[in-house]
file model.csv (CSV, C-alpha atoms)
chain,number,residue,atom,x,y,z
A,13,MET,CA,28.2,3.8,-19.9
A,14,GLU,CA,28.5,0.7,-17.8
A,15,LEU,CA,25.6,-1.0,-16.0
A,16,THR,CA,27.4,-0.8,-12.7
A,17,GLN,CA,27.8,3.0,-13.1
A,18,LEU,CA,24.1,3.3,-13.9
A,19,ARG,CA,23.1,1.2,-10.9
A,20,SER,CA,25.3,3.4,-8.6
A,21,PHE,CA,23.9,6.6,-10.1
A,22,TYR,CA,20.3,5.3,-9.6
A,23,ALA,CA,21.0,4.3,-6.0
A,24,ILE,CA,22.3,7.7,-5.1
A,25,ALA,CA,19.4,9.4,-6.8
A,26,ARG,CA,16.9,7.2,-4.9
A,27,GLU,CA,18.6,7.5,-1.5
A,28,ARG,CA,19.7,11.2,-1.9
A,29,SER,CA,22.8,10.1,0.0
A,30,VAL,CA,26.1,8.5,-0.9
A,31,THR,CA,26.3,6.9,2.5
A,32,ARG,CA,22.9,5.2,2.1
A,33,ALA,CA,23.7,4.2,-1.5
A,34,VAL,CA,27.0,2.6,-0.3
A,35,ALA,CA,25.0,0.5,2.2
A,36,ARG,CA,22.4,-0.4,-0.4
A,37,LEU,CA,25.0,-1.5,-3.0
A,38,GLY,CA,27.6,-3.0,-0.7
A,39,LEU,CA,30.4,-0.9,-2.2
A,40,THR,CA,33.0,1.4,-0.7
A,41,GLN,CA,32.4,5.1,-0.8
A,42,PRO,CA,35.6,5.8,-2.9
A,43,ALA,CA,34.5,3.1,-5.4
A,44,LEU,CA,31.1,4.6,-5.7
A,45,SER,CA,32.4,8.1,-6.1
A,46,LEU,CA,34.8,7.0,-8.9
A,47,GLN,CA,31.9,5.4,-10.8
A,48,ILE,CA,29.9,8.6,-10.7
A,49,LYS,CA,32.9,10.7,-11.7
A,50,ALA,CA,33.6,8.4,-14.6
A,51,LEU,CA,29.9,8.6,-15.7
A,52,GLU,CA,30.0,12.4,-15.5
A,53,ALA,CA,33.2,12.6,-17.5
A,54,GLU,CA,31.7,10.4,-20.2
A,55,LEU,CA,28.5,12.4,-20.4
A,56,GLY,CA,30.2,15.8,-20.0
A,57,GLU,CA,27.6,16.8,-17.4
A,58,VAL,CA,27.5,17.3,-13.6
A,59,LEU,CA,24.8,14.9,-12.3
A,60,PHE,CA,24.5,15.8,-8.6
A,61,THR,CA,24.8,18.8,-6.4
A,62,ARG,CA,25.0,18.7,-2.6
A,63,GLN,CA,22.3,20.7,-0.8
A,64,ARG,CA,21.6,20.6,2.9
A,65,LYS,CA,23.6,17.3,3.3
A,66,GLN,CA,21.6,15.7,0.5
A,67,MET,CA,22.5,14.8,-3.0
A,68,GLN,CA,20.2,16.5,-5.4
A,69,LEU,CA,19.9,15.8,-9.1
A,70,THR,CA,20.9,18.5,-11.6
A,71,GLN,CA,18.8,19.0,-14.7
A,72,ALA,CA,21.0,16.6,-16.6
A,73,GLY,CA,20.8,14.2,-13.7
A,74,GLU,CA,17.0,14.3,-13.7
A,75,LEU,CA,17.0,13.5,-17.5
A,76,LEU,CA,19.4,10.6,-17.0
A,77,TYR,CA,17.4,9.3,-14.0
A,78,GLN,CA,14.2,8.9,-16.1
A,79,HIS,CA,16.1,6.8,-18.7
A,80,VAL,CA,18.0,4.7,-16.2
A,81,GLN,CA,14.8,3.9,-14.3
A,82,THR,CA,13.3,2.6,-17.5
A,83,VAL,CA,16.4,0.6,-18.4
A,84,LEU,CA,16.7,-1.1,-15.0
A,85,THR,CA,13.0,-1.9,-14.8
A,86,THR,CA,13.2,-3.5,-18.3
A,87,LEU,CA,16.2,-5.5,-17.3
A,88,GLU,CA,14.5,-6.8,-14.2
A,89,GLU,CA,11.4,-7.7,-16.2
A,90,ALA,CA,13.6,-9.6,-18.7
A,91,LYS,CA,15.2,-11.6,-16.0
A,92,GLU,CA,11.9,-12.6,-14.5
A,93,GLU,CA,10.5,-13.6,-17.9
A,94,MET,CA,13.5,-15.7,-18.7
A,95,ALA,CA,13.1,-17.5,-15.4
A,96,ALA,CA,9.4,-18.1,-16.2
A,97,LEU,CA,10.5,-19.8,-19.4
A,98,GLN,CA,12.3,-22.3,-17.3
A,99,HIS,CA,9.0,-23.1,-15.5
A,100,LEU,CA,10.3,-21.8,-12.2
A,101,LEU,CA,8.8,-18.5,-11.3
A,102,ARG,CA,11.4,-16.2,-9.7
A,103,GLY,CA,12.0,-12.5,-9.3
A,104,HIS,CA,10.6,-9.8,-7.1
A,105,LEU,CA,7.0,-8.8,-6.4
A,106,ALA,CA,6.4,-5.4,-4.7
A,107,ILE,CA,2.8,-4.5,-3.6
A,108,ALA,CA,1.6,-1.4,-1.9
A,109,THR,CA,-1.6,-1.5,0.2
A,110,SER,CA,-3.2,-0.5,3.5
A,111,ASP,CA,-2.7,-2.0,6.9
A,112,THR,CA,-6.3,-3.4,6.7
A,113,ASN,CA,-5.6,-5.3,3.5
A,114,CYS,CA,-2.2,-6.4,4.8
A,115,ALA,CA,-3.7,-7.8,8.0
A,116,TYR,CA,-7.1,-9.3,6.9
A,117,ILE,CA,-7.2,-9.7,3.1
A,118,LEU,CA,-3.8,-10.7,1.8
A,119,PRO,CA,-2.5,-13.4,4.3
A,120,PRO,CA,-4.4,-16.4,2.8
A,121,VAL,CA,-3.3,-15.4,-0.7
A,122,LEU,CA,0.3,-14.8,0.4
A,123,ARG,CA,0.4,-18.2,2.0
A,124,GLN,CA,-0.7,-20.0,-1.1
A,125,PHE,CA,1.5,-17.9,-3.3
A,126,ARG,CA,4.6,-18.5,-1.2
A,127,ALA,CA,3.8,-22.3,-1.1
A,128,GLN,CA,3.5,-22.4,-4.9
A,129,TYR,CA,6.3,-19.9,-5.8
A,130,PRO,CA,8.9,-19.9,-3.0
A,131,GLN,CA,11.6,-18.4,-5.3
A,132,VAL,CA,9.7,-15.0,-5.6
A,133,ARG,CA,10.8,-12.3,-3.2
A,134,ILE,CA,7.8,-10.4,-1.9
A,135,ASP,CA,7.9,-6.8,-0.7
A,136,ILE,CA,4.7,-5.5,1.0
A,137,ARG,CA,4.6,-1.7,1.5
A,138,SER,CA,1.9,-0.8,4.0
A,139,ARG,CA,0.7,2.7,3.1
A,140,MET,CA,-2.5,4.8,3.0
A,141,SER,CA,-4.3,4.9,-0.3
A,142,SER,CA,-2.8,8.3,-1.4
A,143,GLN,CA,0.7,7.0,-0.7
A,144,VAL,CA,-0.1,3.8,-2.5
A,145,LEU,CA,-0.9,5.9,-5.6
A,146,GLN,CA,2.4,7.7,-5.3
A,147,LEU,CA,4.4,4.4,-5.0
A,148,VAL,CA,2.7,3.1,-8.2
A,149,VAL,CA,3.3,6.3,-10.1
A,150,GLU,CA,7.0,6.3,-9.1
A,151,HIS,CA,7.6,2.7,-10.2
A,152,GLU,CA,8.3,1.7,-6.6
A,153,VAL,CA,5.9,-1.2,-6.7
A,154,ASP,CA,4.4,-3.6,-9.3
A,155,PHE,CA,0.9,-2.5,-8.3
A,156,GLY,CA,-1.2,-1.2,-5.5
A,157,ILE,CA,-4.4,-2.3,-3.8
A,158,ALA,CA,-6.3,0.7,-2.5
A,159,THR,CA,-9.7,2.2,-1.9
A,160,LEU,CA,-11.3,3.4,-5.1
A,161,PRO,CA,-12.1,5.6,-6.9
A,162,ILE,CA,-8.6,6.9,-7.7
A,163,ALA,CA,-8.2,9.3,-10.6
A,164,HIS,CA,-4.8,9.8,-12.1
A,165,ARG,CA,-3.7,10.2,-15.7
A,166,GLN,CA,-0.9,7.7,-15.4
A,167,VAL,CA,-2.8,4.8,-13.7
A,168,THR,CA,-5.6,2.4,-14.4
A,169,THR,CA,-7.8,0.8,-11.7
A,170,GLU,CA,-9.9,-2.3,-11.5
A,171,THR,CA,-12.3,-3.2,-8.7
A,172,LEU,CA,-11.3,-6.5,-6.9
A,173,PHE,CA,-13.9,-6.7,-4.1
A,174,HIS,CA,-16.1,-4.5,-1.9
A,175,ARG,CA,-15.6,-3.9,1.8
A,176,GLU,CA,-18.4,-3.3,4.3
A,177,GLU,CA,-18.1,-1.2,7.5
A,178,VAL,CA,-19.8,-2.2,10.8
A,179,VAL,CA,-20.1,-0.6,14.2
A,180,ILE,CA,-18.4,-2.6,17.0
A,181,CYS,CA,-19.1,-2.4,20.7
A,182,PRO,CA,-18.9,-4.7,23.7
A,183,GLY,CA,-21.7,-7.1,24.4
A,184,ASP,CA,-23.1,-5.0,27.3
A,185,HIS,CA,-23.3,-1.7,25.3
A,186,PRO,CA,-26.8,-0.2,24.7
A,187,LEU,CA,-26.3,-0.7,20.9
A,188,SER,CA,-25.3,-4.3,21.1
A,189,ARG,CA,-28.9,-5.7,20.6
A,190,ALA,CA,-29.6,-3.5,17.5
A,191,ALA,CA,-30.1,-5.3,14.2
A,192,SER,CA,-28.6,-2.2,12.5
A,193,VAL,CA,-27.4,1.3,13.4
A,194,SER,CA,-27.8,4.6,11.6
A,195,LEU,CA,-25.2,7.3,11.9
A,196,ALA,CA,-27.7,9.5,13.7
A,197,GLN,CA,-28.1,6.7,16.4
A,198,LEU,CA,-24.4,6.4,16.6
A,199,SER,CA,-23.7,10.1,16.9
A,200,PRO,CA,-24.2,10.5,20.7
A,201,TYR,CA,-21.7,7.8,21.6
A,202,PRO,CA,-17.9,8.5,21.9
A,203,LEU,CA,-16.2,7.1,18.8
A,204,LEU,CA,-12.7,5.7,18.5
A,205,ALA,CA,-11.4,6.5,15.0
A,206,LEU,CA,-8.3,6.3,12.9
A,207,SER,CA,-6.2,9.4,12.9
A,208,PRO,CA,-7.1,12.3,10.5
A,209,GLY,CA,-5.5,12.0,7.1
A,210,SER,CA,-6.3,8.3,6.4
A,211,THR,CA,-8.7,7.4,3.7
A,212,SER,CA,-10.9,5.6,6.2
A,213,ARG,CA,-11.1,8.7,8.4
A,214,GLN,CA,-11.9,10.9,5.5
A,215,PHE,CA,-14.7,8.5,4.5
A,216,LEU,CA,-16.3,8.7,8.0
A,217,ASP,CA,-15.9,12.5,8.2
A,218,MET,CA,-17.8,12.9,4.9
A,219,ALA,CA,-20.4,10.3,5.8
A,220,PHE,CA,-21.3,12.0,9.1
A,221,GLN,CA,-21.3,15.4,7.4
A,222,HIS,CA,-23.6,14.1,4.7
A,223,ALA,CA,-25.9,12.6,7.3
A,224,GLY,CA,-26.0,16.0,9.0
A,225,VAL,CA,-25.0,14.7,12.5
A,226,PRO,CA,-21.8,15.3,14.5
A,227,MET,CA,-19.2,12.6,14.8
A,228,GLN,CA,-18.1,12.6,18.5
A,229,VAL,CA,-14.5,11.4,18.2
A,230,ALA,CA,-13.2,10.6,21.7
A,231,MET,CA,-9.9,9.3,20.6
A,232,ASN,CA,-7.7,9.2,17.5
A,233,LEU,CA,-5.8,6.0,17.2
A,234,GLY,CA,-3.2,4.6,14.8
A,235,SER,CA,-4.5,1.2,13.8
A,236,ILE,CA,-7.6,-0.9,13.7
A,237,GLU,CA,-6.0,-3.5,16.0
A,238,VAL,CA,-5.6,-0.9,18.7
A,239,ILE,CA,-9.1,0.4,18.1
A,240,LYS,CA,-10.5,-3.1,18.6
A,241,ARG,CA,-8.7,-3.6,21.9
A,242,PHE,CA,-9.9,-0.2,23.2
A,243,VAL,CA,-13.5,-1.0,22.2
A,244,GLU,CA,-13.2,-4.3,24.1
A,245,SER,CA,-12.0,-2.3,27.1
A,246,GLY,CA,-15.2,-0.2,27.1
A,247,LEU,CA,-13.5,3.0,25.9
A,248,GLY,CA,-16.0,3.7,23.1
A,249,VAL,CA,-17.5,2.3,19.9
A,250,ALA,CA,-15.9,2.3,16.5
A,251,ILE,CA,-16.6,1.8,12.8
A,252,VAL,CA,-14.3,-0.8,11.2
A,253,PRO,CA,-14.3,-3.1,8.2
A,254,ARG,CA,-16.4,-6.2,8.8
A,255,ILE,CA,-13.6,-8.5,7.9
A,256,ALA,CA,-11.3,-6.9,10.5
A,257,VAL,CA,-13.6,-8.0,13.3
A,258,ALA,CA,-14.8,-11.4,12.1
A,259,GLU,CA,-12.8,-13.4,14.7
A,260,GLU,CA,-13.8,-11.2,17.7
A,261,ALA,CA,-17.5,-11.3,16.6
A,262,GLN,CA,-17.4,-15.1,16.2
A,263,GLN,CA,-15.8,-15.5,19.7
A,264,GLY,CA,-18.4,-13.1,21.3
A,265,ARG,CA,-15.7,-10.6,22.3
A,266,LEU,CA,-17.3,-7.8,20.3
A,267,VAL,CA,-20.6,-7.2,18.6
A,268,ALA,CA,-20.6,-6.2,14.9
A,269,ILE,CA,-23.6,-4.2,13.7
A,270,PRO,CA,-24.4,-3.3,10.1
A,271,ILE,CA,-24.7,0.4,9.1
A,272,PRO,CA,-27.2,0.9,6.3
A,273,ASP,CA,-26.1,4.5,5.9
A,274,LEU,CA,-22.6,3.6,4.8
A,275,PRO,CA,-22.1,2.2,1.3
A,276,ALA,CA,-19.7,-0.7,0.7
A,277,ARG,CA,-16.3,0.6,-0.4
A,278,ALA,CA,-14.7,-0.6,-3.6
A,279,ILE,CA,-11.1,-1.9,-3.1
A,280,GLY,CA,-9.2,-2.4,-6.3
A,281,LEU,CA,-6.0,-2.8,-8.3
A,282,VAL,CA,-4.0,0.3,-9.1
A,283,GLU,CA,-1.3,0.1,-11.8
A,284,ARG,CA,0.7,2.4,-14.0
A,285,GLN,CA,-0.7,2.4,-17.6
A,286,ASP,CA,2.8,1.9,-19.1
A,287,LYS,CA,3.9,-0.9,-16.7
A,288,ARG,CA,4.0,-4.4,-18.1
A,289,ARG,CA,3.1,-7.0,-15.5
A,290,SER,CA,5.9,-9.4,-14.5
A,291,PRO,CA,5.1,-13.1,-14.5
A,292,ALA,CA,5.1,-12.9,-10.6
A,293,ALA,CA,2.5,-10.1,-10.7
A,294,VAL,CA,0.3,-12.0,-13.2
A,295,ALA,CA,0.4,-15.1,-11.0
A,296,PHE,CA,-0.4,-13.2,-7.8
A,297,LEU,CA,-3.3,-11.3,-9.3
A,298,HIS,CA,-4.8,-14.5,-10.7
A,299,MET,CA,-4.5,-16.1,-7.3
A,300,LEU,CA,-6.1,-13.0,-5.7
A,301,ARG,CA,-9.1,-13.0,-8.0
A,302,THR,CA,-9.5,-16.7,-7.5
A,303,HIS,CA,-9.7,-16.2,-3.7
A,304,PHE,CA,-12.0,-13.1,-3.9
A,305,PRO,CA,-14.2,-13.2,-7.0
A,306,HIS,CA,-16.2,-10.0,-6.6
A,307,GLU,CA,-16.9,-10.7,-2.9
A,308,ARG,CA,-18.1,-8.4,-0.3
A,309,PHE,CA,-16.5,-8.4,3.1
call {"tool": "encode", "arguments": {"input": "model.csv", "output": "structure tokens"}}
result
Amino acid sequence: MELTQLRSFYAIARERSVTRAVARLGLTQPALSLQIKALEAELGEVLFTRQRKQMQLTQAGELLYQHVQTVLTTLEEAKEEMAALQHLLRGHLAIATSDTNCAYILPPVLRQFRAQYPQVRIDIRSRMSSQVLQLVVEHEVDFGIATLPIAHRQVTTETLFHREEVVICPGDHPLSRAASVSLAQLSPYPLLALSPGSTSRQFLDMAFQHAGVPMQVAMNLGSIEVIKRFVESGLGVAIVPRIAVAEEAQQGRLVAIPIPDLPARAIGLVERQDKRRSPAAVAFLHMLRTHFPHERF
């Protein structure tokens, strides 16, 4: 088996499409097809079947896929470690995390990391916590940063920092002068919330249910940035991470009020148990911990 054949096989298996694999690898379709035929001939097994316009792995293909994934991952780690020996950190760093962490937590760390290690290619996958776990388990990323707890037999977790939630409202809102707000006090007001299915929405649903008061959701929205702008426009109040509204609160555009009813949420590292950290991952995590040593936001 040749490495080029294995890379072609892996690309088709990941993309479920010869056309997308061709685009990913920069090969012609006939060349890619010949590589797969040669691989199947050498192994004496059919590796793919076509179903509903998608390429599906056969049982033999699934078995080979697991081994090829391990081989390619190991080769990439070897390349990165060899580069580290030359005192110039290179390679690729893939991180999965939420929109909130992408927008408000990671930027200062990423700026420092890019300045210190410009040769490292960074891939940030913005996903909900449940999808972060999936990407970690499937070896799609080096690690994830997600809301804890997460329980899965293939991963380990480590708390990095805690995130506090606050109520936000305009300066002329009846709640704006309150030192703190309970969920019962908040319940009568129309609430702008993230769409159902997100970890943050599930957290609020459970908190209101536990408090025994209804959550009056006036609008489901797709991002915290949109929620903030709508609150500024007087369309309702919202519960958001304190760090997400620090700038608006400082400028007086919004008022941020603590919620004693809501516990701080642990945000942490999610890694596969069997995945060895690349030099780039080690450097980034060290930098992250230096920036946020057990802080609360």
call {"tool": "closest_atom_pairs", "arguments": {"input": "model.csv", "of": "range 193-246 of chain A", "to": "range 103-125 of chain A", "cutoff": "10 Å", "atoms": "only C-alpha atoms", "output": "Markdown table"}}
result
| residue | atom | partner | partner_atom | distance |
| --- | --- | --- | --- | --- |
| A:Ser210 | CA | A:Ser110 | CA | 9.8 |
| A:Thr211 | CA | A:Ser110 | CA | 9.6 |
| A:Ser235 | CA | A:Asp111 | CA | 7.8 |
| A:Ile236 | CA | A:Thr112 | CA | 7.5 |
| A:Glu237 | CA | A:Thr112 | CA | 9.3 |
call {"tool": "closest_residue", "arguments": {"input": "model.csv", "among": "A:Asp184, A:Glu170, A:Glu88, A:Glu54", "to": "Gln285 in chain A", "atoms": "only C-alpha atoms"}}
result
A:Glu170
call {"tool": "closest_residue", "arguments": {"input": "model.csv", "among": "A:Phe155, A:Arg36, A:Leu247, A:Ala256", "to": "Val294 in chain A", "atoms": "all atoms listed in the file"}}
result
A:Phe155
call {"tool": "closest_residue", "arguments": {"input": "model.csv", "among": "A:Arg133, A:Arg213, A:Arg139, A:Arg28", "to": "Val229 in chain A", "atoms": "all atoms listed in the file"}}
result
A:Arg213
call {"tool": "closest_residue", "arguments": {"input": "model.csv", "among": "A:Val178, A:Val249, A:Val58, A:Arg64", "to": "Leu76 in chain A", "atoms": "all atoms listed in the file"}}
result
A:Val58
call {"tool": "closest_residue", "arguments": {"input": "model.csv", "among": "A:Ala278, A:Ile251, A:Leu69, A:Val132", "to": "Val193 in chain A", "atoms": "only C-alpha atoms"}}
result
A:Ile251
call {"tool": "atom_distance", "arguments": {"input": "model.csv", "atom1": "CA of Leu160 in chain A", "atom2": "CA of His174 in chain A"}}
result
9.8 Å
call {"tool": "atom_distance", "arguments": {"input": "model.csv", "atom1": "CA of Leu233 in chain A", "atom2": "CA of Phe173 in chain A"}}
result
26.1 Å
call {"tool": "atom_distance", "arguments": {"input": "model.csv", "atom1": "CA of Val148 in chain A", "atom2": "CA of Phe296 in chain A"}}
result
16.6 Å
call {"tool": "residues_around", "arguments": {"input": "model.csv", "residues": "His151 in chain A", "least_positions_apart": "5", "cutoff": "9 Å", "atoms": "all atoms listed in the file", "output": "list of chain:residue names"}}
result
A:Gln81, A:Thr85, A:Gln146, A:Arg284, A:Lys287
call {"tool": "residues_around", "arguments": {"input": "model.csv", "residues": "Gly224 in chain A", "least_positions_apart": "2", "cutoff": "12 Å", "atoms": "only C-alpha atoms", "output": "PDB file with C-alpha atoms, in the frame of the given file"}}
result
ATOM      1  CA  SER A 194     -27.800   4.600  11.600  1.00  0.00           C
ATOM      2  CA  LEU A 195     -25.200   7.300  11.900  1.00  0.00           C
ATOM      3  CA  ALA A 196     -27.700   9.500  13.700  1.00  0.00           C
ATOM      4  CA  SER A 199     -23.700  10.100  16.900  1.00  0.00           C
ATOM      5  CA  ASP A 217     -15.900  12.500   8.200  1.00  0.00           C
ATOM      6  CA  MET A 218     -17.800  12.900   4.900  1.00  0.00           C
ATOM      7  CA  ALA A 219     -20.400  10.300   5.800  1.00  0.00           C
ATOM      8  CA  PHE A 220     -21.300  12.000   9.100  1.00  0.00           C
ATOM      9  CA  GLN A 221     -21.300  15.400   7.400  1.00  0.00           C
ATOM     10  CA  HIS A 222     -23.600  14.100   4.700  1.00  0.00           C
ATOM     11  CA  PRO A 226     -21.800  15.300  14.500  1.00  0.00           C
ATOM     12  CA  MET A 227     -19.200  12.600  14.800  1.00  0.00           C
ATOM     13  CA  ASP A 273     -26.100   4.500   5.900  1.00  0.00           C
TER      14      ASP A 273
END
call {"tool": "closest_residue", "arguments": {"input": "model.csv", "among": "A:Ala50, A:Ala127, A:Val179, A:Leu145", "to": "Val167 in chain A", "atoms": "only C-alpha atoms"}}
result
A:Leu145
call {"tool": "residues_around", "arguments": {"input": "model.csv", "residues": "Thr82 in chain A", "least_positions_apart": "5", "cutoff": "12 Å", "atoms": "only C-alpha atoms", "output": "VMD selection string"}}
result
chain A and resid 18 to 19 22 75 to 77 87 to 89 150 to 151 286 to 288
call {"tool": "residues_around", "arguments": {"input": "model.csv", "residues": "Gly248 in chain A", "least_positions_apart": "6", "cutoff": "10 Å", "atoms": "all atoms listed in the file", "output": "MDAnalysis selection string"}}
result
chainID A and resid 180:182 185 201:205 229:231 239:240 242
call {"tool": "residues_near_point", "arguments": {"input": "model.csv", "point": "(25.0, 17.6, -21.7)", "cutoff": "10 Å", "atoms": "all atoms listed in the file", "output": "list in words"}}
result
Glu52, Glu54, Leu55, Gly56, Glu57, Val58, Leu59, Gln71, Ala72, Gly73 and Leu75 of chain A
